[in-house]
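A.B. asks: Input target.cif, format and content: mmCIF, C-alpha atoms.
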```cif
data_query
loop_
_atom_site.group_PDB
_atom_site.id
_atom_site.type_symbol
_atom_site.label_atom_id
_atom_site.label_comp_id
_atom_site.auth_asym_id
_atom_site.auth_seq_id
_atom_site.Cartn_x
_atom_site.Cartn_y
_atom_site.Cartn_z
ATOM 1 C CA MET E 1 -7.209 -21.051 5.986
ATOM 2 C CA ARG E 2 -7.307 -17.435 6.648
ATOM 3 C CA ARG E 3 -8.373 -14.632 8.836
ATOM 4 C CA SER E 4 -10.996 -13.088 11.075
ATOM 5 C CA LEU E 5 -13.475 -10.569 9.724
ATOM 6 C CA ASN E 6 -15.698 -8.293 11.758
ATOM 7 C CA PHE E 7 -18.668 -7.845 9.440
ATOM 8 C CA LYS E 8 -21.386 -6.752 11.818
ATOM 9 C CA HIS E 9 -22.095 -3.452 13.538
ATOM 10 C CA LYS E 10 -21.343 -4.195 17.197
ATOM 11 C CA ARG E 11 -20.130 -1.131 19.006
ATOM 12 C CA ASN E 12 -17.790 -2.884 21.404
ATOM 13 C CA ILE E 13 -16.071 -5.107 18.842
ATOM 14 C CA PRO E 14 -13.332 -2.621 17.888
ATOM 15 C CA THR E 15 -12.193 -2.177 21.497
ATOM 16 C CA THR E 16 -12.880 -5.353 23.444
ATOM 17 C CA PRO E 17 -9.835 -7.576 24.042
ATOM 18 C CA TRP E 18 -11.874 -10.675 23.239
ATOM 19 C CA VAL E 19 -11.601 -10.043 19.514
ATOM 20 C CA LEU E 20 -7.820 -9.850 19.509
ATOM 21 C CA LEU E 21 -5.910 -12.824 18.301
ATOM 22 C CA CYS E 22 -4.141 -15.002 20.839
ATOM 23 C CA LEU E 23 -2.928 -17.599 18.378
ATOM 24 C CA VAL E 24 -2.505 -18.067 14.654
ATOM 25 C CA VAL E 25 -1.413 -21.484 13.459
ATOM 26 C CA ALA E 26 -1.111 -23.179 10.108
ATOM 27 C CA LEU E 27 -2.712 -26.593 10.117
ATOM 28 C CA CYS E 28 -1.741 -29.086 7.405
ATOM 29 C CA SER E 29 -0.051 -26.347 5.348
ATOM 30 C CA ILE E 30 -3.198 -24.195 5.400
ATOM 31 C CA HIS E 31 -3.449 -20.742 6.924
ATOM 32 C CA TYR E 32 -5.725 -21.183 9.892
ATOM 33 C CA VAL E 33 -6.998 -18.445 12.172
ATOM 34 C CA PHE E 34 -8.366 -19.298 15.580
ATOM 35 C CA LEU E 35 -9.293 -16.783 18.248
ATOM 36 C CA TYR E 36 -8.875 -17.354 21.966
ATOM 37 C CA PRO E 37 -9.341 -14.911 24.824
ATOM 38 C CA LEU E 38 -6.067 -13.145 25.457
ATOM 39 C CA HIS E 39 -5.604 -14.872 28.799
ATOM 40 C CA CYS E 40 -5.393 -18.328 27.199
ATOM 41 C CA GLU E 41 -3.054 -20.757 28.904
ATOM 42 C CA PRO E 42 0.115 -22.110 27.242
ATOM 43 C CA THR E 43 -1.246 -25.629 27.654
ATOM 44 C CA THR E 44 -4.212 -24.652 25.498
ATOM 45 C CA ILE E 45 -1.874 -23.487 22.753
ATOM 46 C CA ASP E 46 0.256 -26.621 22.951
ATOM 47 C CA SER E 47 -2.787 -28.852 22.680
ATOM 48 C CA LEU E 48 -3.624 -27.456 19.250
ATOM 49 C CA PHE E 49 -0.502 -28.918 17.711
ATOM 50 C CA THR E 50 -1.539 -32.453 18.597
ATOM 51 C CA HIS E 51 -4.174 -32.238 15.859
ATOM 52 C CA SER E 52 -1.674 -31.576 13.080
ATOM 53 C CA ARG E 53 0.661 -34.112 11.540
ATOM 54 C CA THR E 54 2.914 -31.396 10.156
ATOM 55 C CA PRO E 55 4.549 -28.394 11.844
ATOM 56 C CA PRO E 56 2.786 -25.038 11.525
ATOM 57 C CA SER E 57 3.716 -23.141 8.378
ATOM 58 C CA TYR E 58 2.517 -19.676 9.309
ATOM 59 C CA THR E 59 4.885 -16.768 9.860
ATOM 60 C CA PRO E 60 3.251 -13.756 11.536
ATOM 61 C CA ALA E 61 4.321 -10.284 10.505
ATOM 62 C CA PRO E 62 6.642 -8.507 12.974
ATOM 63 C CA VAL E 63 3.889 -6.058 13.943
ATOM 64 C CA GLU E 64 1.504 -8.945 14.605
ATOM 65 C CA SER E 65 4.089 -10.697 16.771
ATOM 66 C CA TYR E 66 4.751 -7.479 18.676
ATOM 67 C CA VAL E 67 1.087 -7.035 19.591
ATOM 68 C CA LEU E 68 0.773 -10.622 20.807
ATOM 69 C CA GLN E 69 3.974 -10.316 22.845
ATOM 70 C CA HIS E 70 2.966 -7.005 24.464
ATOM 71 C CA VAL E 71 -0.675 -7.673 25.267
ATOM 72 C CA HIS E 72 -0.387 -6.494 28.879
ATOM 73 C CA GLU E 73 1.621 -3.346 28.132
ATOM 74 C CA LEU E 74 -0.835 -2.330 25.409
ATOM 75 C CA GLY E 75 -3.829 -2.897 27.677
ATOM 76 C CA TYR E 76 -5.406 -5.598 25.544
ATOM 77 C CA ASP E 77 -5.965 -7.855 28.543
ATOM 78 C CA GLU E 78 -8.419 -5.324 29.973
ATOM 79 C CA SER E 79 -11.978 -4.415 29.085
ATOM 80 C CA PRO E 80 -12.666 -2.132 27.429
ATOM 81 C CA ALA E 81 -9.389 -2.064 25.525
ATOM 82 C CA GLN E 82 -8.490 0.702 23.092
ATOM 83 C CA GLY E 83 -7.768 -1.000 19.794
ATOM 84 C CA CYS E 84 -6.800 2.199 17.986
ATOM 85 C CA ARG E 85 -4.107 3.365 20.415
ATOM 86 C CA ILE E 86 -1.236 1.773 18.507
ATOM 87 C CA TRP E 87 -2.329 3.624 15.364
ATOM 88 C CA ASN E 88 -3.071 7.015 16.908
ATOM 89 C CA ASP E 89 -0.434 7.366 19.643
ATOM 90 C CA PRO E 90 3.243 6.886 18.643
ATOM 91 C CA SER E 91 4.305 6.742 22.294
ATOM 92 C CA VAL E 92 2.486 3.540 23.266
ATOM 93 C CA SER E 93 4.646 1.149 21.216
ATOM 94 C CA THR E 94 7.873 0.833 19.265
ATOM 95 C CA ILE E 95 6.134 -0.199 16.029
ATOM 96 C CA HIS E 96 4.329 3.003 15.083
ATOM 97 C CA SER E 97 6.631 3.746 12.131
ATOM 98 C CA GLN E 98 6.187 0.185 10.826
ATOM 99 C CA LEU E 99 2.422 0.528 11.148
ATOM 100 C CA MET E 100 2.468 3.763 9.163
ATOM 101 C CA GLN E 101 4.551 2.109 6.431
ATOM 102 C CA TYR E 102 2.151 -0.814 6.357
ATOM 103 C CA ARG E 103 -0.760 1.619 6.075
ATOM 104 C CA ARG E 104 0.859 3.241 3.015
ATOM 105 C CA ASP E 105 1.533 -0.159 1.450
ATOM 106 C CA LEU E 106 -2.055 -1.194 2.151
ATOM 107 C CA ASP E 107 -3.372 1.901 0.380
ATOM 108 C CA GLU E 108 -1.209 1.114 -2.654
ATOM 109 C CA TYR E 109 -2.351 -2.510 -2.678
ATOM 110 C CA ALA E 110 -6.027 -1.483 -2.446
ATOM 111 C CA ALA E 111 -5.574 0.975 -5.316
ATOM 112 C CA ARG E 112 -4.083 -1.788 -7.469
ATOM 113 C CA VAL E 113 -6.966 -4.127 -6.668
ATOM 114 C CA LYS E 114 -9.521 -1.447 -7.526
ATOM 115 C CA ALA E 115 -7.840 -0.667 -10.852
ATOM 116 C CA PHE E 116 -7.318 -4.305 -11.868
ATOM 117 C CA ARG E 117 -8.944 -5.531 -15.077
ATOM 118 C CA THR E 118 -8.685 -9.213 -15.872
ATOM 119 C CA THR E 119 -7.424 -10.530 -19.186
ATOM 120 C CA ILE E 120 -8.223 -14.193 -18.437
ATOM 121 C CA PRO E 121 -11.717 -14.779 -16.991
ATOM 122 C CA ASP E 122 -10.743 -18.263 -15.773
ATOM 123 C CA LEU E 123 -7.153 -18.831 -14.648
ATOM 124 C CA ARG E 124 -7.608 -22.595 -14.851
ATOM 125 C CA LEU E 125 -7.360 -22.184 -18.631
ATOM 126 C CA ARG E 126 -3.963 -20.452 -18.510
ATOM 127 C CA ALA E 127 -1.261 -21.808 -20.809
ATOM 128 C CA ASN E 128 1.398 -21.588 -18.085
ATOM 129 C CA ASN E 129 2.108 -19.979 -14.736
ATOM 130 C CA ASP E 130 3.613 -16.835 -16.287
ATOM 131 C CA VAL E 131 0.141 -15.307 -16.415
ATOM 132 C CA CYS E 132 -0.095 -15.585 -12.628
ATOM 133 C CA GLN E 133 2.224 -12.602 -12.405
ATOM 134 C CA SER E 134 -0.524 -10.458 -13.931
ATOM 135 C CA VAL E 135 -2.824 -11.064 -10.939
ATOM 136 C CA ASP E 136 -0.099 -10.513 -8.345
ATOM 137 C CA MET E 137 -1.054 -7.202 -6.739
ATOM 138 C CA LEU E 138 1.831 -7.489 -4.257
ATOM 139 C CA ALA E 139 4.634 -7.405 -6.832
ATOM 140 C CA GLY E 140 7.110 -4.661 -6.003
ATOM 141 C CA LEU E 141 5.535 -3.838 -2.656
ATOM 142 C CA PRO E 142 7.461 -4.356 0.596
ATOM 143 C CA ASN E 143 6.229 -7.453 2.394
ATOM 144 C CA GLN E 144 7.988 -7.019 5.724
ATOM 145 C CA GLN E 145 4.726 -6.243 7.523
ATOM 146 C CA LEU E 146 2.643 -8.978 5.906
ATOM 147 C CA SER E 147 2.109 -12.385 7.444
ATOM 148 C CA TYR E 148 2.907 -15.459 5.385
ATOM 149 C CA THR E 149 1.397 -18.903 4.993
ATOM 150 C CA SER E 150 2.973 -21.618 2.901
ATOM 151 C CA LYS E 151 -0.147 -22.356 0.850
ATOM 152 C CA ALA E 152 -1.980 -19.031 0.539
ATOM 153 C CA GLY E 153 1.116 -16.826 0.375
ATOM 154 C CA TYR E 154 1.012 -13.368 1.944
ATOM 155 C CA VAL E 155 -1.951 -12.153 3.997
ATOM 156 C CA GLU E 156 -2.622 -9.073 6.101
ATOM 157 C CA PRO E 157 -1.359 -9.134 9.702
ATOM 158 C CA LEU E 158 -3.998 -9.560 12.369
ATOM 159 C CA LEU E 159 -4.027 -6.305 14.292
ATOM 160 C CA PRO E 160 -6.428 -4.284 16.412
ATOM 161 C CA PRO E 161 -8.995 -2.922 15.811
ATOM 162 C CA MET E 162 -9.590 -5.963 13.548
ATOM 163 C CA ARG E 163 -10.808 -3.610 10.832
ATOM 164 C CA HIS E 164 -9.239 -1.322 8.275
ATOM 165 C CA PRO E 165 -6.820 0.987 10.152
ATOM 166 C CA ILE E 166 -8.581 4.009 8.645
ATOM 167 C CA PHE E 167 -11.421 3.114 11.007
ATOM 168 C CA CYS E 168 -9.281 4.676 13.749
ATOM 169 C CA GLU E 169 -9.517 8.020 11.950
ATOM 170 C CA THR E 170 -13.042 8.036 10.551
ATOM 171 C CA ARG E 171 -15.260 5.424 12.133
ATOM 172 C CA ARG E 172 -18.609 6.358 10.681
ATOM 173 C CA HIS E 173 -17.804 5.572 7.063
ATOM 174 C CA ASN E 174 -15.258 2.781 7.549
ATOM 175 C CA LEU E 175 -16.925 0.311 9.873
ATOM 176 C CA LEU E 176 -17.369 -2.194 7.034
ATOM 177 C CA ASN E 177 -14.374 -1.211 4.906
ATOM 178 C CA LEU E 178 -12.896 -4.549 3.778
ATOM 179 C CA ASN E 179 -9.999 -3.099 1.798
ATOM 180 C CA TYR E 180 -7.575 -4.140 4.525
ATOM 181 C CA LEU E 181 -7.833 -7.779 3.401
ATOM 182 C CA VAL E 182 -4.745 -8.838 1.451
ATOM 183 C CA HIS E 183 -5.033 -11.690 -1.054
ATOM 184 C CA ASP E 184 -1.973 -13.207 -2.692
ATOM 185 C CA PHE E 185 -3.694 -14.020 -5.977
ATOM 186 C CA GLY E 186 -0.381 -14.849 -7.634
ATOM 187 C CA THR E 187 0.190 -17.736 -5.227
ATOM 188 C CA LEU E 188 -3.434 -18.889 -5.464
ATOM 189 C CA CYS E 189 -3.124 -18.865 -9.251
ATOM 190 C CA ARG E 190 0.016 -21.002 -9.235
ATOM 191 C CA ASN E 191 -1.709 -23.529 -6.954
ATOM 192 C CA LEU E 192 -4.735 -23.799 -9.254
ATOM 193 C CA GLN E 193 -5.013 -26.905 -11.436
ATOM 194 C CA ARG E 194 -6.925 -27.195 -14.711
ATOM 195 C CA THR E 195 -9.315 -29.634 -13.016
ATOM 196 C CA SER E 196 -9.726 -27.579 -9.817
ATOM 197 C CA ARG E 197 -13.240 -26.666 -8.781
ATOM 198 C CA ILE E 198 -13.725 -23.266 -7.143
ATOM 199 C CA VAL E 199 -16.197 -23.390 -4.275
ATOM 200 C CA LEU E 200 -17.606 -20.951 -1.720
ATOM 201 C CA VAL E 201 -19.382 -22.246 1.378
ATOM 202 C CA ASP E 202 -21.176 -19.299 2.952
ATOM 203 C CA MET E 203 -22.614 -19.860 6.437
ATOM 204 C CA GLY E 204 -24.703 -16.802 7.233
ATOM 205 C CA ALA E 205 -25.529 -15.947 3.630
ATOM 206 C CA SER E 206 -28.104 -13.174 3.804
ATOM 207 C CA LEU E 207 -27.634 -10.751 0.919
ATOM 208 C CA GLN E 208 -29.760 -8.112 2.644
ATOM 209 C CA PHE E 209 -27.079 -5.998 4.254
ATOM 210 C CA TYR E 210 -26.550 -2.396 5.258
ATOM 211 C CA GLY E 211 -23.895 -1.465 2.753
ATOM 212 C CA GLU E 212 -22.165 -4.021 0.549
ATOM 213 C CA SER E 213 -22.747 -7.658 1.420
ATOM 214 C CA PRO E 214 -19.456 -9.281 2.525
ATOM 215 C CA ALA E 215 -20.436 -12.418 0.612
ATOM 216 C CA LEU E 216 -20.975 -10.474 -2.613
ATOM 217 C CA TYR E 217 -17.717 -8.612 -1.995
ATOM 218 C CA LEU E 218 -15.772 -11.880 -1.856
ATOM 219 C CA MET E 219 -17.669 -13.435 -4.764
ATOM 220 C CA ASP E 220 -17.011 -10.431 -6.987
ATOM 221 C CA LEU E 221 -13.371 -10.114 -5.907
ATOM 222 C CA PHE E 222 -12.446 -13.696 -6.761
ATOM 223 C CA ARG E 223 -14.394 -13.562 -10.025
ATOM 224 C CA ARG E 224 -12.633 -10.357 -11.122
ATOM 225 C CA PHE E 225 -9.241 -11.977 -10.572
ATOM 226 C CA GLY E 226 -10.012 -15.053 -12.658
ATOM 227 C CA PHE E 227 -11.419 -17.405 -10.014
ATOM 228 C CA PRO E 228 -15.071 -17.923 -11.091
ATOM 229 C CA PHE E 229 -17.111 -20.017 -8.678
ATOM 230 C CA ASP E 230 -18.471 -23.368 -9.798
ATOM 231 C CA HIS E 231 -20.519 -23.798 -6.632
ATOM 232 C CA ILE E 232 -21.733 -21.358 -3.984
ATOM 233 C CA TYR E 233 -23.467 -23.089 -1.070
ATOM 234 C CA ALA E 234 -25.398 -20.351 0.738
ATOM 235 C CA PHE E 235 -26.751 -21.357 4.169
ATOM 236 C CA GLU E 236 -29.084 -18.885 5.883
ATOM 237 C CA LEU E 237 -31.425 -19.524 8.823
ATOM 238 C CA LYS E 238 -33.674 -16.463 8.395
ATOM 239 C CA PRO E 239 -36.660 -17.392 6.181
ATOM 240 C CA THR E 240 -36.349 -15.483 2.930
ATOM 241 C CA GLU E 241 -38.388 -15.769 -0.231
ATOM 242 C CA PRO E 242 -36.200 -17.086 -3.066
ATOM 243 C CA ALA E 243 -37.450 -14.260 -5.278
ATOM 244 C CA GLU E 244 -35.934 -11.766 -2.805
ATOM 245 C CA VAL E 245 -32.631 -13.640 -2.765
ATOM 246 C CA TYR E 246 -32.276 -13.786 -6.521
ATOM 247 C CA LYS E 247 -33.302 -10.147 -6.862
ATOM 248 C CA ASN E 248 -30.125 -9.240 -4.960
ATOM 249 C CA LEU E 249 -27.911 -11.786 -6.729
ATOM 250 C CA PRO E 250 -25.944 -10.625 -9.794
ATOM 251 C CA PRO E 251 -26.973 -12.733 -12.821
ATOM 252 C CA HIS E 252 -23.464 -14.065 -13.449
ATOM 253 C CA PHE E 253 -23.600 -16.007 -10.155
ATOM 254 C CA MET E 254 -26.968 -17.617 -10.855
ATOM 255 C CA SER E 255 -25.717 -20.901 -12.323
ATOM 256 C CA ALA E 256 -23.405 -21.559 -9.364
ATOM 257 C CA TYR E 257 -25.685 -20.430 -6.532
ATOM 258 C CA HIS E 258 -27.341 -22.954 -4.197
ATOM 259 C CA TRP E 259 -29.707 -21.185 -1.760
ATOM 260 C CA ILE E 260 -30.147 -23.356 1.362
ATOM 261 C CA ASN E 261 -32.622 -21.570 3.619
ATOM 262 C CA VAL E 262 -32.044 -23.553 6.817
ATOM 263 C CA GLY E 263 -29.623 -23.319 9.698
ATOM 264 C CA VAL E 264 -26.406 -25.300 9.643
ATOM 265 C CA SER E 265 -25.884 -28.391 11.766
ATOM 266 C CA VAL E 266 -22.737 -28.878 13.832
ATOM 267 C CA GLU E 267 -23.201 -32.646 13.993
ATOM 268 C CA PRO E 268 -20.314 -34.325 12.130
ATOM 269 C CA GLY E 269 -21.592 -36.179 9.088
ATOM 270 C CA ASN E 270 -24.985 -34.465 9.110
ATOM 271 C CA VAL E 271 -26.185 -33.513 5.632
ATOM 272 C CA LEU E 272 -26.744 -29.929 6.859
ATOM 273 C CA ASN E 273 -23.227 -29.642 8.219
ATOM 274 C CA PRO E 274 -21.459 -27.827 5.345
ATOM 275 C CA PHE E 275 -18.222 -29.624 6.158
ATOM 276 C CA THR E 276 -19.940 -32.896 5.215
ATOM 277 C CA THR E 277 -20.517 -31.600 1.688
ATOM 278 C CA ILE E 278 -16.888 -30.526 1.438
ATOM 279 C CA LYS E 279 -15.479 -33.861 2.598
ATOM 280 C CA GLN E 280 -17.782 -35.988 0.451
ATOM 281 C CA ASN E 281 -17.502 -34.060 -2.807
ATOM 282 C CA PHE E 282 -14.182 -32.213 -3.106
ATOM 283 C CA ASN E 283 -10.441 -32.818 -2.967
ATOM 284 C CA GLU E 284 -7.211 -30.958 -2.234
ATOM 285 C CA ASP E 285 -6.841 -29.762 -5.837
ATOM 286 C CA ASP E 286 -10.040 -27.733 -5.457
ATOM 287 C CA LEU E 287 -10.012 -24.136 -4.228
ATOM 288 C CA ILE E 288 -12.432 -24.118 -1.304
ATOM 289 C CA ILE E 289 -13.366 -20.903 0.475
ATOM 290 C CA VAL E 290 -15.446 -20.841 3.660
ATOM 291 C CA LYS E 291 -17.151 -17.892 5.351
ATOM 292 C CA LEU E 292 -18.546 -18.446 8.853
ATOM 293 C CA ASP E 293 -20.780 -15.706 10.275
ATOM 294 C CA ILE E 294 -23.979 -17.117 11.773
ATOM 295 C CA ASP E 295 -24.221 -14.873 14.862
ATOM 296 C CA THR E 296 -24.430 -17.875 17.211
ATOM 297 C CA PRO E 297 -21.158 -18.259 19.141
ATOM 298 C CA HIS E 298 -21.610 -21.792 20.484
ATOM 299 C CA LEU E 299 -22.393 -23.151 17.014
ATOM 300 C CA GLU E 300 -19.592 -21.184 15.369
ATOM 301 C CA MET E 301 -17.028 -22.389 17.877
ATOM 302 C CA ALA E 302 -18.208 -25.991 17.479
ATOM 303 C CA LEU E 303 -17.563 -25.738 13.736
ATOM 304 C CA VAL E 304 -14.180 -24.094 14.277
ATOM 305 C CA GLN E 305 -13.239 -26.888 16.665
ATOM 306 C CA GLN E 306 -14.128 -29.435 13.989
ATOM 307 C CA LEU E 307 -11.576 -27.786 11.717
ATOM 308 C CA LEU E 308 -8.946 -28.111 14.415
ATOM 309 C CA ASP E 309 -9.787 -31.740 15.093
ATOM 310 C CA ASP E 310 -10.161 -32.995 11.518
ATOM 311 C CA ASP E 311 -6.930 -33.100 9.506
ATOM 312 C CA GLU E 312 -8.754 -34.263 6.371
ATOM 313 C CA LEU E 313 -11.139 -31.313 6.505
ATOM 314 C CA ALA E 314 -8.351 -28.844 7.248
ATOM 315 C CA GLY E 315 -6.477 -30.151 4.227
ATOM 316 C CA LEU E 316 -9.388 -29.280 1.948
ATOM 317 C CA ILE E 317 -10.150 -25.685 2.988
ATOM 318 C CA ASP E 318 -7.923 -22.987 1.505
ATOM 319 C CA GLN E 319 -9.469 -19.730 2.718
ATOM 320 C CA PHE E 320 -11.426 -19.270 5.953
ATOM 321 C CA TYR E 321 -13.209 -16.031 6.859
ATOM 322 C CA PHE E 322 -14.544 -16.028 10.393
ATOM 323 C CA GLU E 323 -16.292 -13.442 12.523
ATOM 324 C CA HIS E 324 -15.770 -14.349 16.155
ATOM 325 C CA HIS E 325 -18.910 -13.290 18.036
ATOM 326 C CA VAL E 326 -18.114 -12.608 21.658
ATOM 327 C CA VAL E 327 -21.166 -10.689 22.861
#
```
Would you encode the structure as structure tokens?

C.D. replies:
Amino acid sequence: MRRSLNFKHKRNIPTTPWVLLCLVVALCSIHYVFLYPLHCEPTTIDSLFTHSRTPPSYTPAPVESYVLQHVHELGYDESPAQGCRIWNDPSVSTIHSQLMQYRRDLDEYAARVKAFRTTIPDLRLRANNDVCQSVDMLAGLPNQQLSYTSKAGYVEPLLPPMRHPIFCETRRHNLLNLNYLVHDFGTLCRNLQRTSRIVLVDMGASLQFYGESPALYLMDLFRRFGFPFDHIYAFELKPTEPAEVYKNLPPHFMSAYHWINVGVSVEPGNVLNPFTTIKQNFNEDDLIIVKLDIDTPHLEMALVQQLLDDDELAGLIDQFYFEHHVV
């Protein structure tokens, strides 16, 4: 599984220490991101490994490790913390030059993604894995400041302010800039089987958003790179007329889109628990992407805990996007 996204406009999210990562582990060879308060106890960390039958296979980037190892010195165990200090003040850490290099690499990666034009609409139909090189936007770029997971390949390091670093320069226009997300499409392509189904489970699926909808951003991104969705399960509690939903939905997603206008259940096995659908209908050859952003912390954390506790479920989910609501 994957990473934490801050999608919503909450003024204290960029600076509060509660949104900083205390632990990143790979569970069952999947990139898994779980957020704890920064004062979590070592026993809490150790207990996570009892849920996994295999050792973690996640390697954090050096800059990510540095932040986690210097929480106190950087002031991230205080509230309010200043998430942008490591980007704006070279004197507060020893990693400023690495951060600036990463920022340049990130700009180059984002430019490649923007300019990309697919030649194969569905990578499951590729003749061989050679074509996967064509969707590898990381080829030739330094990867020293990227984190690595054995199944998903390279991903962006988890760093304050948990947004695009340009947010630290120009906040007004970059609050929802998602171009800091790094996807290793070459690795995802090589893992894809001809019989794989490509699935998005979107918890918190409103398409009415100030700016670009994060769900539509992800749907369009994967489609452009040759990963068209077969099923999109869109759970949304807020009552919305279907006509309004489909007015905002691009036509090419219509055949895959399942609008489920009810709240999710956290009860294991419940038909409205999206994880039930995943476990009953899909397998490890499928590419399964989950977005969790329902603005209800106790329900979100209950679902996250199910991922930690259920090895079978963790083995099915490839990409996990999670906004940790702390206020």

A.B. asks: Applying the PyMOL selection byres ((chain E and resi 62-72) around 8) to the file I just gave you, which residues come out? Please list them as a VMD selection string.

C.D. replies: chain E and resid 21 to 22 38 60 to 61 73 to 77 95 98 to 99 144 to 145 147 157 to 159

A.B. asks: For this file, the PyMOL selection byres ((chain E and resi 137) around 9) selects which residues, as a PDB file with C-alpha atoms, in the coordinates of the input?

C.D. replies:
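Saved result, part.pdb, follows:
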```
ATOM      1  CA  TYR E 109      -2.351  -2.510  -2.678  1.00  0.00           C
ATOM      2  CA  ALA E 110      -6.027  -1.483  -2.446  1.00  0.00           C
ATOM      3  CA  ARG E 112      -4.083  -1.788  -7.469  1.00  0.00           C
ATOM      4  CA  VAL E 113      -6.966  -4.127  -6.668  1.00  0.00           C
ATOM      5  CA  PHE E 116      -7.318  -4.305 -11.868  1.00  0.00           C
ATOM      6  CA  GLN E 133       2.224 -12.602 -12.405  1.00  0.00           C
ATOM      7  CA  SER E 134      -0.524 -10.458 -13.931  1.00  0.00           C
ATOM      8  CA  VAL E 135      -2.824 -11.064 -10.939  1.00  0.00           C
ATOM      9  CA  ASP E 136      -0.099 -10.513  -8.345  1.00  0.00           C
ATOM     10  CA  LEU E 138       1.831  -7.489  -4.257  1.00  0.00           C
ATOM     11  CA  ALA E 139       4.634  -7.405  -6.832  1.00  0.00           C
ATOM     12  CA  GLY E 140       7.110  -4.661  -6.003  1.00  0.00           C
ATOM     13  CA  LEU E 141       5.535  -3.838  -2.656  1.00  0.00           C
ATOM     14  CA  HIS E 183      -5.033 -11.690  -1.054  1.00  0.00           C
ATOM     15  CA  ASP E 184      -1.973 -13.207  -2.692  1.00  0.00           C
ATOM     16  CA  PHE E 185      -3.694 -14.020  -5.977  1.00  0.00           C
ATOM     17  CA  GLY E 186      -0.381 -14.849  -7.634  1.00  0.00           C
TER      18      GLY E 186
END
```

A.B. asks: For the PyMOL selection byres ((chain E and resi 291) around 9), applied here, can you spell out every residue it catches as a CSV table (one decimal) with C-alpha atoms, in the coordinates of the input?

C.D. replies:
```csv
chain,number,residue,atom,x,y,z
E,200,LEU,CA,-17.6,-21.0,-1.7
E,201,VAL,CA,-19.4,-22.2,1.4
E,202,ASP,CA,-21.2,-19.3,3.0
E,203,MET,CA,-22.6,-19.9,6.4
E,204,GLY,CA,-24.7,-16.8,7.2
E,205,ALA,CA,-25.5,-15.9,3.6
E,215,ALA,CA,-20.4,-12.4,0.6
E,289,ILE,CA,-13.4,-20.9,0.5
E,290,VAL,CA,-15.4,-20.8,3.7
E,292,LEU,CA,-18.5,-18.4,8.9
E,293,ASP,CA,-20.8,-15.7,10.3
E,319,GLN,CA,-9.5,-19.7,2.7
E,320,PHE,CA,-11.4,-19.3,6.0
E,321,TYR,CA,-13.2,-16.0,6.9
E,322,PHE,CA,-14.5,-16.0,10.4
E,323,GLU,CA,-16.3,-13.4,12.5
```

A.B. asks: In Å, rounded to a single decimal, give me how far CA of Leu272 in chain E is from CA of Glu241 in chain E.

C.D. replies: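 These two atoms are separated by 19.7 Å.
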
A.B. asks: Let me make sure I understand: among E:Pro160, E:Ala243, E:Arg224, E:Cys84, which one has the smallest atom-to-atom distance to Ile120 in chain E if we use only C-alpha atoms?

C.D. replies: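 Ranking E:Pro160, E:Ala243, E:Arg224, E:Cys84 by distance to Ile120 in chain E, first place goes to E:Arg224.
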
A.B. asks: May I ask which of the residues E:Pro268, E:Thr118, E:Tyr58, E:Asn179 is the closest one to Tyr154 in chain E, counting all atoms listed in the file?

C.D. replies: E:Tyr58

A.B. asks: Nearest to Leu176 in chain E among E:His324, E:His164, E:Arg223, E:Arg124, with distances taken over only C-alpha atoms: which residue is it?

C.D. replies: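 Looking at the shortest contact to Leu176 in chain E, the residue is E:His164.
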
A.B. asks: Quick one, how far is CA of Ser91 in chain E from CA of Asp105 in chain E?

C.D. replies: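 CA of Asp105 in chain E lies at a distance of 22.1 Å from CA of Ser91 in chain E.
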
A.B. asks: Quick one, how far is CA of Phe225 in chain E from CA of His252 in chain E?

C.D. replies: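 Between these atoms lies a distance of 14.7 Å.
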
A.B. asks: I'd like the neighbourhood of range 165-172 of chain E as a PyMOL selection string, where a residue qualifies if any of its atoms comes within 8 Å (using only C-alpha atoms), though same-chain residues fewer than 2 positions away should be ignored.

C.D. replies: chain E and resi 84+87-88+103+161+163+174-175+180

A.B. asks: Which is closest to Phe227 in chain E among E:Cys189, E:Ile260, E:Met100, E:Leu308, if we use only C-alpha atoms?

C.D. replies: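 Comparing E:Cys189, E:Ile260, E:Met100, E:Leu308 against Phe227 in chain E, the winner is E:Cys189.
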
A.B. asks: Looking at only C-alpha atoms, which of E:Leu106, E:Leu316, E:Val131, E:Leu123 is the one that sits closest to Gln193 in chain E?

C.D. replies: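 Under the stated criterion, the closest residue is E:Leu123.
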
A.B. asks: Considering only C-alpha atoms, return as a PyMOL selection string whatever protein or nucleic-acid residues lie within 7 Å of Asn261 in chain E, sequence-local ones (same chain, fewer than 5 positions apart) excluded.

C.D. replies: chain E and resi 235-237+239

A.B. asks: Contacts of Pro297 in chain E at 8 Å or less, counting only C-alpha atoms, minus same-chain residues fewer than 3 places along, as a ChimeraX atom specification?

C.D. replies: /E:294,300-301,324-326

A.B. asks: Name all residues at most 10 Å from Leu125 in chain E (count all atoms listed in the file; drop same-chain ones fewer than 3 positions away) and give them as a ChimeraX atom specification.

C.D. replies: /E:120-122,128,192-195,226

A.B. asks: Please tell me which residues are no farther than 7 Å from (-14.3, -32.8, -0.7) in the file, counting all atoms listed in the file, and write them as a list of chain:residue names.

C.D. replies: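 Taken together, the residues in range are E:Thr277, E:Ile278, E:Lys279, E:Gln280, E:Asn281, E:Phe282, E:Asn283, E:Leu316.
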
A.B. asks: Using all atoms listed in the file, which residues sit within 12 Å of range 247-250 of chain E once same-chain residues fewer than 2 positions away are excluded, as a list in words?

C.D. replies: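 The neighbour list is Ala205, Ser206, Leu207, Gln208, Phe209, Glu212, Ser213, Ala215, Leu216, Tyr217, Met219, Asp220, Arg223, Ile232, Ala234, Thr240, Glu241, Pro242, Ala243, Glu244, Val245, His252, Phe253, Met254, Ser255, Ala256, Tyr257, His258 and Trp259 of chain E.
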